[in-house]
Amino acid sequence: MATITRLGEEYPVVIFSKSSCCMSHSIKTLIYSFGANPIVYELDELSNGQQLEKELKALGHKPSVPVVFIGKELIGGPNEIMSLHVKGKLVPLLLKAKAIWI
């Protein structure tokens, strides 16, 4: 879990994803739509992707992707991101993390 946490804390927005996952695509598109430029780790394209996926599952994420860190904090998967968006809390969170500017 240390690797996931370390990677998740390196940039304002970090997304752990799989290139073939439709929910990962949707979450990335949503985050990009606000002008954020997240660091995206495509687990199916990384040599250590299976190990990272095991770490995500150990953190309680099933399915393992997408998982989003914002402002060095583990936010969660698509349900948490969409819930924040619907409540109008996603943009303020991105602003606070300095991932976007208005």
# chains A, B, ... in the order shown; residues from 1 in each chain; ligands from 1
call {"tool": "select_by_dssp", "arguments": {"residues": "chain A", "states": "strand (DSSP E or B)", "output": "PDB file with C-alpha atoms, in the first residue's frame"}}
result
ATOM      1  CA  VAL A  13      -4.625  14.795  -8.967  1.00  0.00           C
ATOM      2  CA  VAL A  14      -3.654  11.164  -9.484  1.00  0.00           C
ATOM      3  CA  ILE A  15      -5.867   8.566 -11.122  1.00  0.00           C
ATOM      4  CA  PHE A  16      -5.209   4.837 -11.077  1.00  0.00           C
ATOM      5  CA  SER A  17      -6.925   3.460 -14.142  1.00  0.00           C
ATOM      6  CA  ILE A  39      -1.294  12.071 -13.595  1.00  0.00           C
ATOM      7  CA  VAL A  40      -2.824   8.817 -14.816  1.00  0.00           C
ATOM      8  CA  TYR A  41      -1.344   5.421 -14.046  1.00  0.00           C
ATOM      9  CA  GLU A  42      -2.774   2.885 -16.503  1.00  0.00           C
ATOM     10  CA  VAL A  67      -9.208   5.256  -7.865  1.00  0.00           C
ATOM     11  CA  VAL A  68      -8.596   8.977  -7.461  1.00  0.00           C
ATOM     12  CA  PHE A  69      -6.327  10.978  -5.169  1.00  0.00           C
ATOM     13  CA  ILE A  70      -6.922  14.734  -4.965  1.00  0.00           C
ATOM     14  CA  GLU A  73      -5.856  12.501  -0.169  1.00  0.00           C
ATOM     15  CA  LEU A  74      -7.420   9.226  -1.281  1.00  0.00           C
ATOM     16  CA  ILE A  75     -10.894  10.249  -2.442  1.00  0.00           C
ATOM     17  CA  GLY A  76     -12.053   6.890  -3.747  1.00  0.00           C
TER      18      GLY A  76
END
call {"tool": "residues_around", "arguments": {"residues": "Lys98 (chain A)", "least_positions_apart": "3", "cutoff": "12 Å", "atoms": "only C-alpha atoms", "output": "PyMOL selection string"}}
result
chain A and resi 11-13+35-38+70-72+91-95+101-102
call {"tool": "write_last_selection", "arguments": {"atoms": "all heavy atoms", "output": "compact mmCIF listing (two decimals), in the first residue's frame"}}
result
# COMPACT_ATOMS: atom_id res chain seq x y z
N TYR A 11 1.27 14.37 -6.87
CA TYR A 11 0.70 15.40 -7.73
C TYR A 11 -0.66 15.82 -7.21
O TYR A 11 -1.29 15.10 -6.44
CB TYR A 11 0.57 14.86 -9.16
CG TYR A 11 1.90 14.47 -9.76
CD1 TYR A 11 2.33 13.16 -9.72
CD2 TYR A 11 2.72 15.42 -10.36
CE1 TYR A 11 3.56 12.79 -10.26
CE2 TYR A 11 3.95 15.06 -10.90
CZ TYR A 11 4.36 13.75 -10.85
OH TYR A 11 5.57 13.39 -11.37
N PRO A 12 -1.17 16.98 -7.66
CA PRO A 12 -2.49 17.44 -7.18
C PRO A 12 -3.62 16.45 -7.46
O PRO A 12 -4.50 16.28 -6.63
CB PRO A 12 -2.70 18.75 -7.93
CG PRO A 12 -1.33 19.24 -8.23
CD PRO A 12 -0.51 17.99 -8.48
N VAL A 13 -3.61 15.80 -8.64
CA VAL A 13 -4.62 14.80 -8.97
C VAL A 13 -3.93 13.58 -9.58
O VAL A 13 -3.17 13.71 -10.54
CB VAL A 13 -5.69 15.33 -9.96
CG1 VAL A 13 -6.73 14.25 -10.26
CG2 VAL A 13 -6.35 16.57 -9.43
N GLY A 35 -10.49 21.23 -16.51
CA GLY A 35 -9.20 21.84 -16.80
C GLY A 35 -8.05 21.26 -16.01
O GLY A 35 -6.92 21.75 -16.11
N ALA A 36 -8.32 20.23 -15.23
CA ALA A 36 -7.24 19.58 -14.46
C ALA A 36 -6.41 18.71 -15.40
O ALA A 36 -6.90 18.25 -16.43
CB ALA A 36 -7.83 18.73 -13.34
N ASN A 37 -5.18 18.52 -15.03
CA ASN A 37 -4.27 17.68 -15.80
C ASN A 37 -3.74 16.58 -14.88
O ASN A 37 -2.61 16.67 -14.39
CB ASN A 37 -3.13 18.52 -16.39
CG ASN A 37 -2.30 17.75 -17.36
OD1 ASN A 37 -2.75 16.75 -17.91
ND2 ASN A 37 -1.09 18.20 -17.58
N PRO A 38 -4.55 15.55 -14.62
CA PRO A 38 -4.14 14.53 -13.66
C PRO A 38 -3.00 13.67 -14.18
O PRO A 38 -2.82 13.51 -15.39
CB PRO A 38 -5.40 13.69 -13.49
CG PRO A 38 -6.12 13.84 -14.79
CD PRO A 38 -5.84 15.25 -15.23
N ILE A 70 -6.89 13.29 -4.71
CA ILE A 70 -6.92 14.73 -4.97
C ILE A 70 -6.31 15.42 -3.75
O ILE A 70 -6.72 15.17 -2.62
CB ILE A 70 -8.35 15.26 -5.21
CG1 ILE A 70 -8.97 14.58 -6.42
CG2 ILE A 70 -8.35 16.79 -5.37
CD1 ILE A 70 -10.43 14.94 -6.68
N GLY A 71 -5.33 16.28 -4.00
CA GLY A 71 -4.68 16.99 -2.91
C GLY A 71 -4.03 16.07 -1.90
O GLY A 71 -4.15 16.28 -0.70
N LYS A 72 -3.39 15.02 -2.38
CA LYS A 72 -2.67 14.04 -1.55
C LYS A 72 -3.59 13.20 -0.68
O LYS A 72 -3.15 12.51 0.22
CB LYS A 72 -1.61 14.72 -0.69
CG LYS A 72 -0.57 15.47 -1.49
CD LYS A 72 0.49 16.06 -0.62
CE LYS A 72 1.49 16.80 -1.49
NZ LYS A 72 2.65 17.25 -0.74
N VAL A 91 -15.31 20.50 -7.74
CA VAL A 91 -14.54 21.66 -8.20
C VAL A 91 -13.83 22.35 -7.04
O VAL A 91 -12.63 22.64 -7.13
CB VAL A 91 -15.41 22.63 -9.02
CG1 VAL A 91 -14.69 23.94 -9.27
CG2 VAL A 91 -15.81 21.98 -10.34
N PRO A 92 -14.51 22.61 -5.91
CA PRO A 92 -13.79 23.21 -4.78
C PRO A 92 -12.61 22.35 -4.30
O PRO A 92 -11.58 22.89 -3.91
CB PRO A 92 -14.86 23.34 -3.69
CG PRO A 92 -16.15 23.43 -4.44
CD PRO A 92 -15.95 22.54 -5.64
N LEU A 93 -12.77 21.06 -4.35
CA LEU A 93 -11.69 20.16 -3.95
C LEU A 93 -10.50 20.27 -4.92
O LEU A 93 -9.35 20.34 -4.49
CB LEU A 93 -12.21 18.73 -3.91
CG LEU A 93 -11.39 17.69 -3.17
CD1 LEU A 93 -11.17 18.08 -1.72
CD2 LEU A 93 -12.11 16.34 -3.23
N LEU A 94 -10.80 20.36 -6.21
CA LEU A 94 -9.75 20.53 -7.22
C LEU A 94 -9.06 21.89 -7.06
O LEU A 94 -7.85 22.00 -7.22
CB LEU A 94 -10.32 20.37 -8.62
CG LEU A 94 -10.79 18.97 -9.00
CD1 LEU A 94 -11.59 19.01 -10.30
CD2 LEU A 94 -9.63 17.99 -9.11
N LEU A 95 -9.84 22.91 -6.75
CA LEU A 95 -9.27 24.24 -6.51
C LEU A 95 -8.35 24.24 -5.30
O LEU A 95 -7.25 24.79 -5.33
CB LEU A 95 -10.38 25.27 -6.33
CG LEU A 95 -11.14 25.70 -7.58
CD1 LEU A 95 -12.41 26.44 -7.21
CD2 LEU A 95 -10.25 26.55 -8.47
N TRP A 101 -7.48 26.33 -11.75
CA TRP A 101 -7.52 27.74 -11.36
C TRP A 101 -8.72 28.38 -12.03
O TRP A 101 -9.08 28.02 -13.14
CB TRP A 101 -6.26 28.47 -11.83
CG TRP A 101 -5.02 27.93 -11.25
CD1 TRP A 101 -4.38 28.37 -10.14
CD2 TRP A 101 -4.23 26.85 -11.74
NE1 TRP A 101 -3.26 27.61 -9.89
CE2 TRP A 101 -3.14 26.67 -10.88
CE3 TRP A 101 -4.35 25.99 -12.84
CZ2 TRP A 101 -2.18 25.69 -11.07
CZ3 TRP A 101 -3.39 25.00 -13.02
CH2 TRP A 101 -2.31 24.89 -12.15
N ILE A 102 -9.31 29.34 -11.33
CA ILE A 102 -10.44 30.08 -11.93
C ILE A 102 -10.10 31.55 -11.92
O ILE A 102 -9.57 32.09 -11.02
CB ILE A 102 -11.76 29.81 -11.17
CG1 ILE A 102 -12.16 28.38 -11.36
CG2 ILE A 102 -12.83 30.75 -11.64
CD1 ILE A 102 -13.46 27.98 -10.71
call {"tool": "select_by_dssp", "arguments": {"residues": "chain A", "states": "alpha helix (DSSP H)", "output": "VMD selection string"}}
result
chain A and resid 2 to 8 22 to 33 49 to 58 78 to 86 90 to 96
call {"tool": "atom_distance", "arguments": {"atom1": "CA of Ala99 (chain A)", "atom2": "CA of Leu52 (chain A)"}}
result
23.6 Å
call {"tool": "residues_around", "arguments": {"residues": "region 21-29 of chain A", "least_positions_apart": "3", "cutoff": "8 Å", "atoms": "only C-alpha atoms", "output": "list in words"}}
result
Ile15, Ser17, Lys18, Tyr32, Ser33, Val65, Pro66, Pro78 and Ile81 of chain A
call {"tool": "write_last_selection", "arguments": {"atoms": "C-alpha atoms", "output": "mmCIF file, in the first residue's frame"}}
result
data_model
loop_
_atom_site.group_PDB
_atom_site.id
_atom_site.type_symbol
_atom_site.label_atom_id
_atom_site.label_comp_id
_atom_site.auth_asym_id
_atom_site.auth_seq_id
_atom_site.Cartn_x
_atom_site.Cartn_y
_atom_site.Cartn_z
ATOM 1 C CA ILE A 15 -5.867 8.566 -11.122
ATOM 2 C CA SER A 17 -6.925 3.460 -14.142
ATOM 3 C CA LYS A 18 -7.048 0.764 -16.798
ATOM 4 C CA TYR A 32 -10.173 16.756 -17.554
ATOM 5 C CA SER A 33 -13.401 18.693 -18.276
ATOM 6 C CA VAL A 65 -10.023 1.025 -10.718
ATOM 7 C CA PRO A 66 -10.597 3.863 -11.107
ATOM 8 C CA PRO A 78 -16.278 6.487 -9.289
ATOM 9 C CA ILE A 81 -16.147 11.189 -7.389
#
call {"tool": "decode", "arguments": {"residues": "region 63-74 of chain A", "atoms": "all heavy atoms", "output": "CSV table (one decimal), in the first residue's frame"}}
result
chain,number,residue,atom,x,y,z
A,63,PRO,N,-14.4,-2.9,-7.7
A,63,PRO,CA,-13.2,-3.2,-8.5
A,63,PRO,C,-12.1,-2.2,-8.2
A,63,PRO,O,-12.3,-1.1,-7.6
A,63,PRO,CB,-13.7,-3.0,-9.9
A,63,PRO,CG,-14.9,-2.1,-9.8
A,63,PRO,CD,-15.5,-2.3,-8.5
A,64,SER,N,-10.9,-2.5,-8.6
A,64,SER,CA,-9.7,-1.8,-8.2
A,64,SER,C,-9.5,-0.5,-8.9
A,64,SER,O,-8.8,0.4,-8.4
A,64,SER,CB,-8.5,-2.7,-8.4
A,64,SER,OG,-8.4,-3.0,-9.8
A,65,VAL,N,-10.2,-0.2,-10.0
A,65,VAL,CA,-10.0,1.0,-10.7
A,65,VAL,C,-11.4,1.5,-11.2
A,65,VAL,O,-12.3,0.7,-11.3
A,65,VAL,CB,-9.1,0.9,-12.0
A,65,VAL,CG1,-7.7,0.6,-11.5
A,65,VAL,CG2,-9.6,-0.1,-12.9
A,66,PRO,N,-11.5,2.8,-11.4
A,66,PRO,CA,-10.6,3.9,-11.1
A,66,PRO,C,-10.5,4.2,-9.6
A,66,PRO,O,-11.5,4.1,-8.9
A,66,PRO,CB,-11.1,5.0,-11.9
A,66,PRO,CG,-12.6,4.8,-11.9
A,66,PRO,CD,-12.8,3.3,-12.0
A,67,VAL,N,-9.4,4.7,-9.2
A,67,VAL,CA,-9.2,5.3,-7.9
A,67,VAL,C,-8.5,6.6,-8.0
A,67,VAL,O,-7.6,6.8,-8.8
A,67,VAL,CB,-8.4,4.3,-7.0
A,67,VAL,CG1,-8.0,5.0,-5.7
A,67,VAL,CG2,-9.1,3.0,-6.8
A,68,VAL,N,-9.0,7.6,-7.3
A,68,VAL,CA,-8.6,9.0,-7.5
A,68,VAL,C,-8.1,9.5,-6.1
A,68,VAL,O,-8.7,9.4,-5.1
A,68,VAL,CB,-9.8,9.9,-8.0
A,68,VAL,CG1,-9.3,11.3,-8.1
A,68,VAL,CG2,-10.3,9.3,-9.3
A,69,PHE,N,-6.9,10.2,-6.2
A,69,PHE,CA,-6.3,11.0,-5.2
A,69,PHE,C,-6.4,12.4,-5.6
A,69,PHE,O,-6.1,12.8,-6.7
A,69,PHE,CB,-4.8,10.7,-5.0
A,69,PHE,CG,-4.5,9.4,-4.2
A,69,PHE,CD1,-4.7,8.2,-4.8
A,69,PHE,CD2,-4.1,9.5,-2.9
A,69,PHE,CE1,-4.4,7.0,-4.1
A,69,PHE,CE2,-3.8,8.4,-2.2
A,69,PHE,CZ,-3.9,7.1,-2.8
A,70,ILE,N,-6.9,13.3,-4.7
A,70,ILE,CA,-6.9,14.7,-5.0
A,70,ILE,C,-6.3,15.4,-3.8
A,70,ILE,O,-6.7,15.2,-2.6
A,70,ILE,CB,-8.4,15.3,-5.2
A,70,ILE,CG1,-9.0,14.6,-6.4
A,70,ILE,CG2,-8.3,16.8,-5.4
A,70,ILE,CD1,-10.4,14.9,-6.7
A,71,GLY,N,-5.3,16.3,-4.0
A,71,GLY,CA,-4.7,17.0,-2.9
A,71,GLY,C,-4.0,16.1,-1.9
A,71,GLY,O,-4.2,16.3,-0.7
A,72,LYS,N,-3.4,15.0,-2.4
A,72,LYS,CA,-2.7,14.0,-1.6
A,72,LYS,C,-3.6,13.2,-0.7
A,72,LYS,O,-3.2,12.5,0.2
A,72,LYS,CB,-1.6,14.7,-0.7
A,72,LYS,CG,-0.6,15.5,-1.5
A,72,LYS,CD,0.5,16.1,-0.6
A,72,LYS,CE,1.5,16.8,-1.5
A,72,LYS,NZ,2.6,17.3,-0.7
A,73,GLU,N,-4.9,13.3,-1.0
A,73,GLU,CA,-5.9,12.5,-0.2
A,73,GLU,C,-6.6,11.5,-1.1
A,73,GLU,O,-7.0,11.8,-2.2
A,73,GLU,CB,-6.9,13.5,0.4
A,73,GLU,CG,-7.9,12.8,1.3
A,73,GLU,CD,-8.9,13.8,1.9
A,73,GLU,OE1,-8.6,15.0,2.0
A,73,GLU,OE2,-10.0,13.3,2.2
A,74,LEU,N,-6.7,10.3,-0.6
A,74,LEU,CA,-7.4,9.2,-1.3
A,74,LEU,C,-8.9,9.6,-1.2
A,74,LEU,O,-9.5,9.6,-0.1
A,74,LEU,CB,-7.2,7.9,-0.7
A,74,LEU,CG,-8.0,6.7,-1.2
A,74,LEU,CD1,-7.7,6.5,-2.7
A,74,LEU,CD2,-7.7,5.4,-0.4
